[in-house]
>>> print(open('upload_6.cif').read())   # mmCIF, C-alpha atoms
data_entry
loop_
_atom_site.label_atom_id
_atom_site.label_comp_id
_atom_site.auth_asym_id
_atom_site.auth_seq_id
_atom_site.Cartn_x
_atom_site.Cartn_y
_atom_site.Cartn_z
CA ASN A 1 11.45 -89.83 41.77
CA GLY A 2 9.09 -87.17 40.44
CA GLN A 3 11.18 -84.45 42.09
CA ASN A 4 14.47 -85.80 40.72
CA SER A 5 13.15 -85.86 37.13
CA ASP A 6 12.07 -82.18 37.45
CA GLN A 7 15.53 -81.22 38.71
CA ASN A 8 17.23 -83.05 35.86
CA LEU A 9 15.48 -80.93 33.25
CA ALA A 10 17.92 -78.42 31.89
CA LYS A 11 16.91 -74.80 32.00
CA PRO A 12 16.94 -73.15 28.57
CA GLU A 13 19.95 -70.91 28.06
CA GLN A 14 19.34 -67.20 27.67
CA PRO A 15 20.49 -65.86 24.29
CA GLN A 16 23.69 -63.88 24.59
CA PRO A 17 23.87 -60.47 22.92
CA TYR A 18 26.13 -60.21 19.90
CA GLN A 19 29.34 -58.49 20.92
CA HIS A 20 31.97 -56.98 18.67
CA GLU A 21 34.98 -57.69 20.87
CA GLN A 22 38.51 -58.25 19.72
CA PRO A 23 40.35 -61.24 21.18
CA LYS A 24 42.33 -60.18 24.22
CA GLN A 25 46.09 -60.00 23.77
CA THR A 26 48.25 -61.57 26.44
CA ARG A 27 51.95 -61.22 26.98
CA ASP A 28 52.47 -64.64 25.47
CA THR A 29 50.54 -63.75 22.30
CA PRO A 30 52.55 -61.48 19.99
CA THR A 31 50.73 -58.79 18.08
CA ASN A 32 50.87 -58.62 14.30
CA LYS A 33 53.36 -55.77 14.51
CA GLU A 34 55.69 -57.93 16.60
CA LYS A 35 55.32 -60.87 14.19
CA PHE A 36 55.86 -58.80 11.03
CA PRO A 37 57.75 -55.58 11.82
CA ASP A 38 58.18 -54.73 8.10
CA ASP A 39 54.42 -54.42 7.70
CA GLN A 40 54.18 -51.76 10.43
CA ASP A 41 54.49 -48.87 7.97
CA LYS A 42 51.77 -50.36 5.76
CA GLU A 43 49.43 -50.72 8.74
CA ASP A 44 50.08 -47.12 9.83
CA LYS A 45 49.14 -45.92 6.32
CA GLU A 46 46.00 -48.09 6.38
CA ASP A 47 45.04 -46.62 9.77
CA ASP A 48 45.37 -43.10 8.32
CA ASP A 49 43.16 -44.09 5.36
CA ASN A 50 40.54 -45.60 7.69
CA GLU A 51 40.35 -42.39 9.73
CA ASP A 52 39.37 -40.51 6.56
CA GLN A 53 36.52 -42.92 5.83
CA GLN A 54 33.31 -42.57 7.80
CA VAL A 55 31.67 -45.56 9.44
CA LEU A 56 28.43 -46.39 7.62
CA SER A 57 25.24 -47.09 9.51
CA PRO A 58 23.40 -50.39 8.99
CA GLU A 59 20.74 -48.40 7.14
CA ASP A 60 23.33 -47.09 4.66
CA GLN A 61 24.77 -50.59 4.15
CA ALA A 62 21.37 -52.24 3.59
CA ASN A 63 20.39 -53.45 0.15
CA CYS A 64 17.06 -52.61 -1.48
CA LEU A 65 15.08 -55.51 0.01
CA SER A 66 16.56 -54.98 3.45
CA SER A 67 15.61 -51.30 3.30
CA TRP A 68 12.03 -52.07 2.27
CA LEU A 69 11.51 -54.73 4.91
CA LEU A 70 13.72 -53.04 7.53
CA LEU A 71 15.74 -56.25 7.85
CA TYR A 72 18.83 -54.27 8.86
CA LEU A 73 17.11 -53.65 12.22
CA THR A 74 16.92 -57.36 13.14
CA PRO A 75 20.30 -57.54 14.99
CA LEU A 76 19.47 -54.39 16.93
CA LEU A 77 16.01 -55.68 17.86
CA LYS A 78 17.47 -58.99 19.01
CA LEU A 79 20.01 -57.15 21.15
CA GLY A 80 17.27 -54.89 22.53
CA ALA A 81 15.28 -57.97 23.54
CA THR A 82 18.18 -59.19 25.70
CA LYS A 83 19.35 -55.96 27.32
CA ILE A 84 18.67 -52.25 27.61
CA LEU A 85 20.23 -50.56 24.61
CA GLU A 86 22.93 -47.95 25.02
CA PRO A 87 23.95 -45.31 22.47
CA SER A 88 27.03 -47.36 21.55
CA ASP A 89 24.76 -50.31 20.62
CA VAL A 90 22.77 -48.29 18.11
CA GLY A 91 25.70 -47.22 15.95
CA PRO A 92 26.22 -44.20 13.74
CA VAL A 93 23.44 -42.12 12.23
CA SER A 94 22.60 -42.61 8.56
CA GLN A 95 24.39 -40.19 6.26
CA PHE A 96 21.04 -38.95 5.00
CA ASP A 97 19.81 -38.16 8.51
CA ARG A 98 22.80 -36.07 9.54
CA ALA A 99 22.14 -32.45 10.44
CA THR A 100 24.31 -30.91 7.72
CA ILE A 101 22.62 -32.85 4.93
CA CYS A 102 19.12 -32.09 6.25
CA HIS A 103 20.00 -28.42 6.80
CA ASP A 104 21.37 -28.04 3.29
CA ALA A 105 18.29 -29.69 1.76
CA VAL A 106 15.86 -27.51 3.73
CA GLN A 107 17.93 -24.38 3.04
CA SER A 108 17.89 -24.93 -0.72
CA LEU A 109 14.13 -25.64 -0.70
CA TRP A 110 13.54 -22.50 1.39
CA ILE A 111 15.52 -20.35 -1.04
CA LYS A 112 13.44 -21.72 -3.95
CA GLU A 113 10.19 -21.10 -2.05
CA VAL A 114 11.15 -17.50 -1.19
CA ALA A 115 12.03 -16.83 -4.86
CA ARG A 116 8.72 -18.40 -5.98
CA SER A 117 6.79 -16.32 -3.43
CA LYS A 118 8.52 -13.08 -4.49
CA GLU A 119 7.71 -13.75 -8.16
CA ALA A 120 4.07 -14.59 -7.34
CA ASN A 121 3.76 -11.43 -5.21
CA ARG A 122 5.31 -9.29 -7.97
CA LYS A 123 2.78 -10.60 -10.52
CA ALA A 124 -0.11 -10.16 -8.06
CA GLN A 125 0.97 -6.60 -7.28
CA GLU A 126 1.15 -5.71 -10.99
CA LEU A 127 -2.35 -7.13 -11.46
CA HIS A 128 -3.59 -5.16 -8.42
CA GLU A 129 -2.07 -1.94 -9.75
CA ALA A 130 -3.70 -2.55 -13.14
CA LYS A 131 -7.09 -2.98 -11.44
CA LEU A 132 -6.48 0.22 -9.43
CA ALA A 133 -5.69 2.12 -12.63
CA LYS A 134 -8.96 0.91 -14.21
CA ALA A 135 -10.99 1.88 -11.16
CA SER A 136 -9.31 5.25 -10.62
CA GLY A 137 -12.54 7.21 -11.24
CA ASN A 138 -14.80 5.00 -9.08
CA PRO A 139 -14.29 5.40 -5.29
CA LYS A 140 -16.45 2.32 -4.53
CA LYS A 141 -14.24 0.06 -6.65
CA LEU A 142 -11.09 1.61 -5.15
CA ALA A 143 -12.39 0.94 -1.64
CA LYS A 144 -13.32 -2.62 -2.61
CA LEU A 145 -9.86 -3.32 -4.08
CA GLY A 146 -8.11 -1.96 -1.00
CA LYS A 147 -4.38 -2.17 -0.37
CA PHE A 148 -2.20 -4.95 -1.79
CA THR A 149 -0.95 -7.43 0.81
CA PRO A 150 1.79 -9.83 -0.23
CA THR A 151 1.52 -13.49 0.68
CA PRO A 152 4.36 -14.98 2.76
CA PRO A 153 6.32 -18.03 1.59
CA ASN A 154 4.75 -21.39 2.39
CA LEU A 155 6.31 -23.38 5.14
#
>>> encode(input="upload_6.cif", output="structure tokens")
Amino acid sequence: NGQNSDQNLAKPEQPQPYQHEQPKQTRDTPTNKEKFPDDQDKEDKEDDDNEDQQVLSPEDQANCLSSWLLLYLTPLLKLGATKILEPSDVGPVSQFDRATICHDAVQSLWIKEVARSKEANRKAQELHEAKLAKASGNPKKLAKLGKFTPTPPNL
């Protein structure tokens, strides 16, 4: 009897990963286009509009609280606990992490830094030349001042 009661215990079911699958169409099930042929042109226009729109990442769709607490990662973490993640499971990259946006931001900051560095070097060189003009009669001071070396932009 002890063995039978152990066998009767149901094993806990493994959680199934969340899947974004469309219901399968069969020959017996008409598609929406077959049901409503007049709406076909409207659907074609909607498909064209959807191609123009980019798919947003969960990070971009998250509200303020979800972003702070990283709650938008919960479905992905649950899926990762049940199977090995594939690139298609992760979804699109956030718009703010895309290469073009990051490149443009770094490029504009670099241009500002180079301009700041050139202006600082111009002022430092004018100051150095003024000190050289003052010390023109004293070889010790001239040797101490040396040659002006510009500073490179900060990375």
>>> atom_distance(input="upload_6.cif", atom1="atom CA of Phe148 of chain A", atom2="atom CA of Glu119 of chain A")
14.7 Å
>>> atom_distance(input="upload_6.cif", atom1="atom CA of His128 of chain A", atom2="atom CA of Pro152 of chain A")
16.9 Å
>>> residues_near_point(input="upload_6.cif", point="(18.1, -53.4, 16.1)", cutoff="12 Å", atoms="only C-alpha atoms", output="compact mmCIF listing (two decimals) with C-alpha atoms, keeping the file's coordinate frame")
# COMPACT_ATOMS: atom_id res chain seq x y z
CA PRO A 17 23.87 -60.47 22.92
CA TYR A 18 26.13 -60.21 19.90
CA SER A 57 25.24 -47.09 9.51
CA PRO A 58 23.40 -50.39 8.99
CA GLU A 59 20.74 -48.40 7.14
CA LEU A 70 13.72 -53.04 7.53
CA LEU A 71 15.74 -56.25 7.85
CA TYR A 72 18.83 -54.27 8.86
CA LEU A 73 17.11 -53.65 12.22
CA THR A 74 16.92 -57.36 13.14
CA PRO A 75 20.30 -57.54 14.99
CA LEU A 76 19.47 -54.39 16.93
CA LEU A 77 16.01 -55.68 17.86
CA LYS A 78 17.47 -58.99 19.01
CA LEU A 79 20.01 -57.15 21.15
CA GLY A 80 17.27 -54.89 22.53
CA ALA A 81 15.28 -57.97 23.54
CA THR A 82 18.18 -59.19 25.70
CA LYS A 83 19.35 -55.96 27.32
CA ILE A 84 18.67 -52.25 27.61
CA LEU A 85 20.23 -50.56 24.61
CA GLU A 86 22.93 -47.95 25.02
CA PRO A 87 23.95 -45.31 22.47
CA ASP A 89 24.76 -50.31 20.62
CA VAL A 90 22.77 -48.29 18.11
CA GLY A 91 25.70 -47.22 15.95
>>> residues_around(input="upload_6.cif", residues="Ser117 of chain A", least_positions_apart="4", cutoff="9 Å", atoms="all atoms listed in the file", output="NGL selection string")
:A and (112-113 or 121-122 or 150-154)
>>> atom_distance(input="upload_6.cif", atom1="atom CA of Lys144 of chain A", atom2="atom CA of Leu132 of chain A")
10.1 Å
>>> closest_residue(input="upload_6.cif", among="A:Thr100, A:Thr149, A:Ser94, A:Gln107", to="Ala120 of chain A", atoms="all atoms listed in the file")
A:Thr149
>>> axis_aligned_box(input="upload_6.cif", around="segment 121-124 of chain A", padding_each_side="4 Å", output="AutoDock Vina command-line options")
--center_x 2.6 --center_y -10.4 --center_z -7.9 --size_x 13.4 --size_y 10.1 --size_z 13.3
>>> closest_residue(input="upload_6.cif", among="A:Leu155, A:Ala135, A:Ala130, A:Val55", to="Val114 of chain A", atoms="all atoms listed in the file")
A:Leu155
>>> build_atoms(input="upload_6.cif", residues="segment 115-150 of chain A", atoms="N, CA and C atoms", output="PDB file, in the coordinates of the input")
ATOM      1  N   ALA A 115      11.972 -17.379  -3.489  1.00  0.00           N
ATOM      2  CA  ALA A 115      12.030 -16.830  -4.860  1.00  0.00           C
ATOM      3  C   ALA A 115      10.673 -16.998  -5.550  1.00  0.00           C
ATOM      4  N   ARG A 116      10.027 -18.162  -5.383  1.00  0.00           N
ATOM      5  CA  ARG A 116       8.720 -18.400  -5.980  1.00  0.00           C
ATOM      6  C   ARG A 116       7.689 -17.432  -5.409  1.00  0.00           C
ATOM      7  N   SER A 117       7.737 -17.210  -4.094  1.00  0.00           N
ATOM      8  CA  SER A 117       6.790 -16.320  -3.430  1.00  0.00           C
ATOM      9  C   SER A 117       6.984 -14.868  -3.890  1.00  0.00           C
ATOM     10  N   LYS A 118       8.259 -14.450  -4.027  1.00  0.00           N
ATOM     11  CA  LYS A 118       8.520 -13.080  -4.490  1.00  0.00           C
ATOM     12  C   LYS A 118       7.983 -12.877  -5.901  1.00  0.00           C
ATOM     13  N   GLU A 119       8.194 -13.865  -6.768  1.00  0.00           N
ATOM     14  CA  GLU A 119       7.710 -13.750  -8.160  1.00  0.00           C
ATOM     15  C   GLU A 119       6.181 -13.724  -8.185  1.00  0.00           C
ATOM     16  N   ALA A 120       5.534 -14.566  -7.382  1.00  0.00           N
ATOM     17  CA  ALA A 120       4.070 -14.590  -7.340  1.00  0.00           C
ATOM     18  C   ALA A 120       3.530 -13.265  -6.789  1.00  0.00           C
ATOM     19  N   ASN A 121       4.183 -12.712  -5.782  1.00  0.00           N
ATOM     20  CA  ASN A 121       3.760 -11.430  -5.210  1.00  0.00           C
ATOM     21  C   ASN A 121       3.969 -10.284  -6.203  1.00  0.00           C
ATOM     22  N   ARG A 122       5.060 -10.326  -6.974  1.00  0.00           N
ATOM     23  CA  ARG A 122       5.310  -9.290  -7.970  1.00  0.00           C
ATOM     24  C   ARG A 122       4.211  -9.289  -9.032  1.00  0.00           C
ATOM     25  N   LYS A 123       3.844 -10.495  -9.501  1.00  0.00           N
ATOM     26  CA  LYS A 123       2.780 -10.600 -10.520  1.00  0.00           C
ATOM     27  C   LYS A 123       1.441 -10.159  -9.931  1.00  0.00           C
ATOM     28  N   ALA A 124       1.157 -10.539  -8.685  1.00  0.00           N
ATOM     29  CA  ALA A 124      -0.110 -10.160  -8.060  1.00  0.00           C
ATOM     30  C   ALA A 124      -0.182  -8.650  -7.832  1.00  0.00           C
ATOM     31  N   GLN A 125       0.960  -8.051  -7.484  1.00  0.00           N
ATOM     32  CA  GLN A 125       0.970  -6.600  -7.280  1.00  0.00           C
ATOM     33  C   GLN A 125       0.764  -5.859  -8.602  1.00  0.00           C
ATOM     34  N   GLU A 126       1.366  -6.341  -9.676  1.00  0.00           N
ATOM     35  CA  GLU A 126       1.150  -5.710 -10.990  1.00  0.00           C
ATOM     36  C   GLU A 126      -0.320  -5.807 -11.395  1.00  0.00           C
ATOM     37  N   LEU A 127      -0.933  -6.952 -11.153  1.00  0.00           N
ATOM     38  CA  LEU A 127      -2.350  -7.130 -11.460  1.00  0.00           C
ATOM     39  C   LEU A 127      -3.206  -6.194 -10.607  1.00  0.00           C
ATOM     40  N   HIS A 128      -2.851  -6.050  -9.326  1.00  0.00           N
ATOM     41  CA  HIS A 128      -3.590  -5.160  -8.420  1.00  0.00           C
ATOM     42  C   HIS A 128      -3.474  -3.706  -8.873  1.00  0.00           C
ATOM     43  N   GLU A 129      -2.256  -3.325  -9.273  1.00  0.00           N
ATOM     44  CA  GLU A 129      -2.070  -1.940  -9.750  1.00  0.00           C
ATOM     45  C   GLU A 129      -2.839  -1.686 -11.042  1.00  0.00           C
ATOM     46  N   ALA A 130      -2.923  -2.692 -11.903  1.00  0.00           N
ATOM     47  CA  ALA A 130      -3.700  -2.550 -13.140  1.00  0.00           C
ATOM     48  C   ALA A 130      -5.181  -2.374 -12.822  1.00  0.00           C
ATOM     49  N   LYS A 131      -5.684  -3.124 -11.848  1.00  0.00           N
ATOM     50  CA  LYS A 131      -7.090  -2.980 -11.440  1.00  0.00           C
ATOM     51  C   LYS A 131      -7.332  -1.617 -10.808  1.00  0.00           C
ATOM     52  N   LEU A 132      -6.345  -1.123 -10.023  1.00  0.00           N
ATOM     53  CA  LEU A 132      -6.480   0.220  -9.430  1.00  0.00           C
ATOM     54  C   LEU A 132      -6.516   1.292 -10.509  1.00  0.00           C
ATOM     55  N   ALA A 133      -5.722   1.134 -11.538  1.00  0.00           N
ATOM     56  CA  ALA A 133      -5.690   2.120 -12.630  1.00  0.00           C
ATOM     57  C   ALA A 133      -7.025   2.151 -13.370  1.00  0.00           C
ATOM     58  N   LYS A 134      -7.649   0.972 -13.547  1.00  0.00           N
ATOM     59  CA  LYS A 134      -8.960   0.910 -14.210  1.00  0.00           C
ATOM     60  C   LYS A 134     -10.042   1.575 -13.374  1.00  0.00           C
ATOM     61  N   ALA A 135      -9.943   1.381 -12.055  1.00  0.00           N
ATOM     62  CA  ALA A 135     -10.990   1.880 -11.160  1.00  0.00           C
ATOM     63  C   ALA A 135     -10.656   3.248 -10.582  1.00  0.00           C
ATOM     64  N   SER A 136      -9.758   3.976 -11.197  1.00  0.00           N
ATOM     65  CA  SER A 136      -9.310   5.250 -10.620  1.00  0.00           C
ATOM     66  C   SER A 136     -10.429   6.287 -10.487  1.00  0.00           C
ATOM     67  N   GLY A 137     -11.446   6.241 -11.321  1.00  0.00           N
ATOM     68  CA  GLY A 137     -12.540   7.210 -11.240  1.00  0.00           C
ATOM     69  C   GLY A 137     -13.670   6.765 -10.337  1.00  0.00           C
ATOM     70  N   ASN A 138     -13.691   5.535  -9.871  1.00  0.00           N
ATOM     71  CA  ASN A 138     -14.800   5.000  -9.080  1.00  0.00           C
ATOM     72  C   ASN A 138     -14.324   4.720  -7.648  1.00  0.00           C
ATOM     73  N   PRO A 139     -14.750   5.577  -6.675  1.00  0.00           N
ATOM     74  CA  PRO A 139     -14.290   5.400  -5.290  1.00  0.00           C
ATOM     75  C   PRO A 139     -14.779   4.090  -4.665  1.00  0.00           C
ATOM     76  N   LYS A 140     -15.947   3.580  -5.084  1.00  0.00           N
ATOM     77  CA  LYS A 140     -16.450   2.320  -4.530  1.00  0.00           C
ATOM     78  C   LYS A 140     -15.531   1.160  -4.913  1.00  0.00           C
ATOM     79  N   LYS A 141     -15.132   1.126  -6.192  1.00  0.00           N
ATOM     80  CA  LYS A 141     -14.240   0.060  -6.650  1.00  0.00           C
ATOM     81  C   LYS A 141     -12.868   0.180  -5.986  1.00  0.00           C
ATOM     82  N   LEU A 142     -12.380   1.407  -5.816  1.00  0.00           N
ATOM     83  CA  LEU A 142     -11.090   1.610  -5.150  1.00  0.00           C
ATOM     84  C   LEU A 142     -11.141   1.104  -3.703  1.00  0.00           C
ATOM     85  N   ALA A 143     -12.248   1.401  -3.016  1.00  0.00           N
ATOM     86  CA  ALA A 143     -12.390   0.940  -1.640  1.00  0.00           C
ATOM     87  C   ALA A 143     -12.481  -0.584  -1.587  1.00  0.00           C
ATOM     88  N   LYS A 144     -13.175  -1.166  -2.574  1.00  0.00           N
ATOM     89  CA  LYS A 144     -13.320  -2.620  -2.610  1.00  0.00           C
ATOM     90  C   LYS A 144     -11.983  -3.305  -2.881  1.00  0.00           C
ATOM     91  N   LEU A 145     -11.155  -2.726  -3.766  1.00  0.00           N
ATOM     92  CA  LEU A 145      -9.860  -3.320  -4.080  1.00  0.00           C
ATOM     93  C   LEU A 145      -8.903  -3.222  -2.899  1.00  0.00           C
ATOM     94  N   GLY A 146      -8.948  -2.119  -2.182  1.00  0.00           N
ATOM     95  CA  GLY A 146      -8.110  -1.960  -1.000  1.00  0.00           C
ATOM     96  C   GLY A 146      -6.612  -1.919  -1.302  1.00  0.00           C
ATOM     97  N   LYS A 147      -5.834  -2.216  -0.271  1.00  0.00           N
ATOM     98  CA  LYS A 147      -4.380  -2.170  -0.370  1.00  0.00           C
ATOM     99  C   LYS A 147      -3.847  -3.577  -0.669  1.00  0.00           C
ATOM    100  N   PHE A 148      -2.805  -3.646  -1.463  1.00  0.00           N
ATOM    101  CA  PHE A 148      -2.200  -4.950  -1.790  1.00  0.00           C
ATOM    102  C   PHE A 148      -1.437  -5.497  -0.581  1.00  0.00           C
ATOM    103  N   THR A 149      -1.695  -6.750  -0.261  1.00  0.00           N
ATOM    104  CA  THR A 149      -0.950  -7.430   0.810  1.00  0.00           C
ATOM    105  C   THR A 149      -0.257  -8.647   0.220  1.00  0.00           C
ATOM    106  N   PRO A 150       1.067  -8.681   0.322  1.00  0.00           N
ATOM    107  CA  PRO A 150       1.790  -9.830  -0.230  1.00  0.00           C
ATOM    108  C   PRO A 150       1.584 -11.086   0.612  1.00  0.00           C
TER     109      PRO A 150
END
